[in-house]
Amino acid sequence: MKRLTYTLLFLGLAAAMLSACAGAPSVSTPTQAATASAQISTPETAATGGAPVETLTVMTHDSFAASDSVIKAFEQANHAKLVFLKSGDAGAALNKAILSKDAPLADVFYGVDNTFLSRALQAGIYEPYASPELANIPSQFKLDPQDRALPVDYGDVCINYDKAYFKEHNLPLPQSLEDLTKPEYKGLLVVENPATSSPGLAFMLATVAHFGADKFVDYWASLKQNGVVVVNGWETAYYTNFSGSSGKGPQPMVVSYASSPPAEVVYSKTPLTDSPIGTLTGNDMCFRQIEFVGILKGTKHLALAQKWVDYMLSVPFQEDMPLQMFVYPVNQNAKLPEVFVKYSQVPEKPATMSPDEIAQNRDKWIQEWTAAVLK
Amino acid sequence: MIARGRLARQRELLLWALPLLFLSVFFFYPLYSVLRVGLSGALGGLEQIDLSQVWDPLGFTIWQAILSTLLTLLVGLPAAYLFSHFEFPGKQLLRVLTTIPFLLPTVVVAAAFNSLLGPNGWINEALMGLFGLSQPPIHFLNTLGAILLAHVFYNTTIVIRMVGNAWSHLDPRLEQAARVLGAGRGRVLWDVTLPLLRPALLAAALLVFIFDFTSFGVVLLLGGPQFATLEVSIYIQALYLLNLPMAGLLSLVQLLCTLGMTVAYTRWVEGGITPVMPRSQAETARKARKSVEKLIVGLMVAFLLVLLVSPLAALAMRSVAQLEANRGERGPVQTGLTLDYYRELFINRNESWFYVPPIDAARNSLIYAGATVVISLTLGALAATALTRRSTLNRVLDPLLMLPLGTSAVTLGLGFIVAFNHPPLMLIASPVLVPLAHSLVALPFVVRSLQPALAAIPQQLRSAAAVLGASPWRVWREVDLPIVMRAVLTSATFAFTISLGEFGATSFLARPDYPTLPVAIYRFLSQPGALNYGQALAMATLLMIITGAGIIIIERLRLPGVGEF
């Protein structure tokens, strides 16, 4: 009896401690709390006509974002509730989709890009769907002829530069990949490791596309001679090494995105009249990344999943993406926000490569790159 | 006699039941599931396996872990002595501050070190100004030194807490007796103090070593591309090269190494525990008296402040500093303090559906942390109690408890997907998995903190209580619990901070959107822009403050009727 009393006392104390820590006495288990916050972040749409609300689960990478109003508009129009499973970076999310393909975690999977596309198609995770919205998308983006993976957005991985540095040092901007090996740019560029970073991989692919698979290593050897700095992740490159960001690092050029200049304006603390950074858009200096959405095989909500895919490709969603995810819409009817038009330079001829070629050679190229640059 | 032996074994099995069930379901089963998929050849075999891809990272992993552990002990042991033997103003605050590094996300630590030691960091700027240099004299990022320093920064608290805790219970009369008998200071330390501290020392060293051995973020972000530990290789193989067989093989190697270390630890520590009468802390800690002592205490405190607290301070400073000046157009410089980044945290500027109010992130974090404390303390107390007896069963089971710490977060995360994605354990989208995953990491800490403390209790104390008619439960409550209370609080602190700072495993679970503070920090840092950077640092500062407050509450916690040693 006594034992029981003590046990209860201990459990009671534990629970009290828990809720004291949580600062929310009414909430004492994670499940309840999670439900509570789920209600905050995914408000139930007003039930119309008493029909049950259908839930659609969308698996995405961590960078997925959308406006509140855009999500709610879909939920209301389709009498649906959307749940987003954020599943790590693009590679992690794809792995999860492949590992769970026998019992899919979600109905729709967004976030595979052209560097991973072949692997996703080969694993057979998608259900084909020829969305009527595809008619508004230029053919250069449609990389899967069977419409298993549909293009949603694209972005150009480019070199950003610190405008103030180039102005102060009276330094002309590099006009080509070749220029970067000139002595006046010695030690001024920071890039990401293609083995650990998706922009790093994209930039390496740009050099492969430009110099050819047998010559790109020589180019990197001369970049190394010219003091190129390599770090593992975009966060480190941009915030620690790049002089144009808040981190105020030592390198005035960084491999990032063509959308970084407008992002610096949108997320500046004081209103800016111009972006502090610009983009180098010379021939083949950028690599175009295209992101895809697909319906996962085995979904029990096929009709709703198709509607969601249509919605992602339609103008309202496409026009919402730029300021949420800092990517460009593929739908030709979607208009870019003014801040994008004003502050981002779009490369005239970005480098591209077929997903099959990437899939077949990625490991080999990364190994060659590693041997040339890191060893 | 035989009956009593059987009774003890039954009691042991009963104590083990729950921890073993937990480990089987949430560790071995997902691990087995993912390794089976990875190594079965279903996703392409290991045809052209290049063994240098295993040996190179393995060699570096061991090398840097040995160096890091030695350095951590070098800093941690004097600090443990300081905390266990001296009273000085601000002692409790300093103890809390030295714990905070343990939970900081690596991206944030990288930013903190950068603002101190980076090319434009305070120290380089100061040196350049002092000596009129044109180039920053200290190259910190992407060096082995950065990895080692960050490991010391992260793990010193383990030594301070675990060894310091044991040290404060040591009976000073043993050392005094040795001195009276003519032993010099060095001999007393070597022959009396160190043997008595051995269990706690080995436990702390093991934990530090495993942490360094499986280091991921520090190596990736501060060490740079020249360095790769096994864990970093697993991450690259699994998530970038999509080579699950290779990742599986590397995980297996890492796991076997952890198992080897833990078995070795169990052997070393066995028989090395000398039960001694525990003394209360008040007897061991005192104010510094002689001026030499005062000087040593002062220097040690200053050293800890520079090493462990200054990066935290740099971080907090950056979150309230004006950064817009001298960027871009180099317009009029406006330096000064600002709370803008904190204000901005509460604004959903681009009306995102995924906006996380800081209060929600803090609440999610604290609920997960609270649940982790309860789960890991309950399971850990059971296992540690079982482990106080020496038996074959314990010798086999003890190393298993440590395995989750040495397991790749990537591998285990993918294992969760494979294992918990179908009935009867359809848990994959459930938020319950988060504190369970955190508990897997916290459990080894709880066991390693509690077990040496429990084992050091002289059996006579329990026997005396039992002879006087106390039930086993009462013996536990009135003898064991008060003596190990500090160790319990230490475990709770570890579990709490592990959960609050954990990002790896959480991010590998496919989870609905209940973002924690570290998740929110990463979100800000994944987009360009001064506001994002500032908000990330502001969120990180909030994380430090909340953790500090949490640790203070835990340390003040007392169970009613339980005395304190």
# chains A, B, ... in the order shown; residues from 1 in each chain; ligands from 1
>>> select_by_dssp(residues="stretch 96-215 of chain A", states="strand (DSSP E or B)", output="ChimeraX atom specification")
/A:108-113,126-127,150-162,189-192
>>> write_last_selection(atoms="C-alpha atoms", output="PDB file, in the first residue's frame")
ATOM      1  CA  VAL A 108       2.060  13.417 -52.841  1.00  0.00           C
ATOM      2  CA  PHE A 109       5.806  13.969 -52.775  1.00  0.00           C
ATOM      3  CA  TYR A 110       7.281  17.364 -53.646  1.00  0.00           C
ATOM      4  CA  GLY A 111      10.954  18.263 -53.743  1.00  0.00           C
ATOM      5  CA  VAL A 112      12.923  15.969 -56.039  1.00  0.00           C
ATOM      6  CA  ASP A 113      15.161  18.062 -58.295  1.00  0.00           C
ATOM      7  CA  TYR A 126       5.323   7.856 -58.691  1.00  0.00           C
ATOM      8  CA  GLU A 127       1.932   7.406 -60.277  1.00  0.00           C
ATOM      9  CA  LEU A 150       5.846  17.220 -62.921  1.00  0.00           C
ATOM     10  CA  PRO A 151       7.917  20.417 -62.811  1.00  0.00           C
ATOM     11  CA  VAL A 152       6.871  22.976 -60.185  1.00  0.00           C
ATOM     12  CA  ASP A 153       9.632  25.536 -59.919  1.00  0.00           C
ATOM     13  CA  TYR A 154      13.190  26.255 -60.915  1.00  0.00           C
ATOM     14  CA  GLY A 155      16.108  28.175 -59.537  1.00  0.00           C
ATOM     15  CA  ASP A 156      19.538  29.015 -60.829  1.00  0.00           C
ATOM     16  CA  VAL A 157      22.571  28.192 -58.750  1.00  0.00           C
ATOM     17  CA  CYS A 158      24.943  31.073 -59.484  1.00  0.00           C
ATOM     18  CA  ILE A 159      27.788  33.016 -57.973  1.00  0.00           C
ATOM     19  CA  ASN A 160      26.686  35.967 -55.849  1.00  0.00           C
ATOM     20  CA  TYR A 161      29.074  38.844 -55.336  1.00  0.00           C
ATOM     21  CA  ASP A 162      29.440  41.574 -52.726  1.00  0.00           C
ATOM     22  CA  LEU A 189      35.526  32.710 -54.140  1.00  0.00           C
ATOM     23  CA  VAL A 190      33.932  30.287 -51.687  1.00  0.00           C
ATOM     24  CA  VAL A 191      32.129  27.166 -53.014  1.00  0.00           C
ATOM     25  CA  GLU A 192      30.319  24.250 -51.375  1.00  0.00           C
TER      26      GLU A 192
END
>>> interface_residues(of="chain A", to="chain B", cutoff="6 Å", atoms="only C-alpha atoms", output="list in words")
Leu18, Ala22, Ala66, Ser67, Asp68, Leu85, Lys86, Ser87, Gly88, Gly91, Ala92, Ala164, Val231, Asn232, Ser246, Ala263, Glu264, Tyr267, Ser268, Lys269 and Pro276 of chain A
>>> write_last_selection(atoms="C-alpha atoms", output="short mmCIF file (atom, residue, chain, number, x, y, z; two decimals), in the first residue's frame")
data_model
loop_
_atom_site.label_atom_id
_atom_site.label_comp_id
_atom_site.auth_asym_id
_atom_site.auth_seq_id
_atom_site.Cartn_x
_atom_site.Cartn_y
_atom_site.Cartn_z
CA LEU A 18 6.72 18.26 -16.70
CA ALA A 22 6.20 23.23 -20.18
CA ALA A 66 3.58 28.62 -48.79
CA SER A 67 1.28 31.43 -47.74
CA ASP A 68 -1.42 30.78 -45.23
CA LEU A 85 5.40 15.93 -43.67
CA LYS A 86 8.67 17.78 -43.65
CA SER A 87 11.30 15.13 -44.18
CA GLY A 88 14.75 16.68 -44.08
CA GLY A 91 18.20 13.77 -50.32
CA ALA A 92 16.73 12.69 -46.98
CA ALA A 164 30.57 47.03 -52.12
CA VAL A 231 33.20 24.51 -47.20
CA ASN A 232 30.62 21.78 -46.61
CA SER A 246 25.40 39.39 -42.29
CA ALA A 263 16.01 37.75 -50.65
CA GLU A 264 18.54 40.16 -49.13
CA TYR A 267 14.80 40.19 -45.40
CA SER A 268 16.75 43.37 -44.74
CA LYS A 269 16.24 45.06 -41.42
CA PRO A 276 23.89 44.63 -51.38
#
>>> atom_distance(atom1="atom CA of B:Val109", atom2="atom CA of A:Lys375")
26.9 Å
>>> closest_residue(among="A:Leu177, A:Cys286, A:Ile137, A:Leu201", to="A:Gln332", atoms="only C-alpha atoms")
A:Ile137
>>> select_by_dssp(residues="stretch 77-177 of chain B", states="helix (DSSP H, G or I)", output="ChimeraX atom specification")
/B:77-85,91-103,106-117,122-131,144-169,172-177
>>> closest_residue(among="A:Lys342, A:His61, A:Lys248, A:Arg362", to="A:Val266", atoms="only C-alpha atoms")
A:Lys342
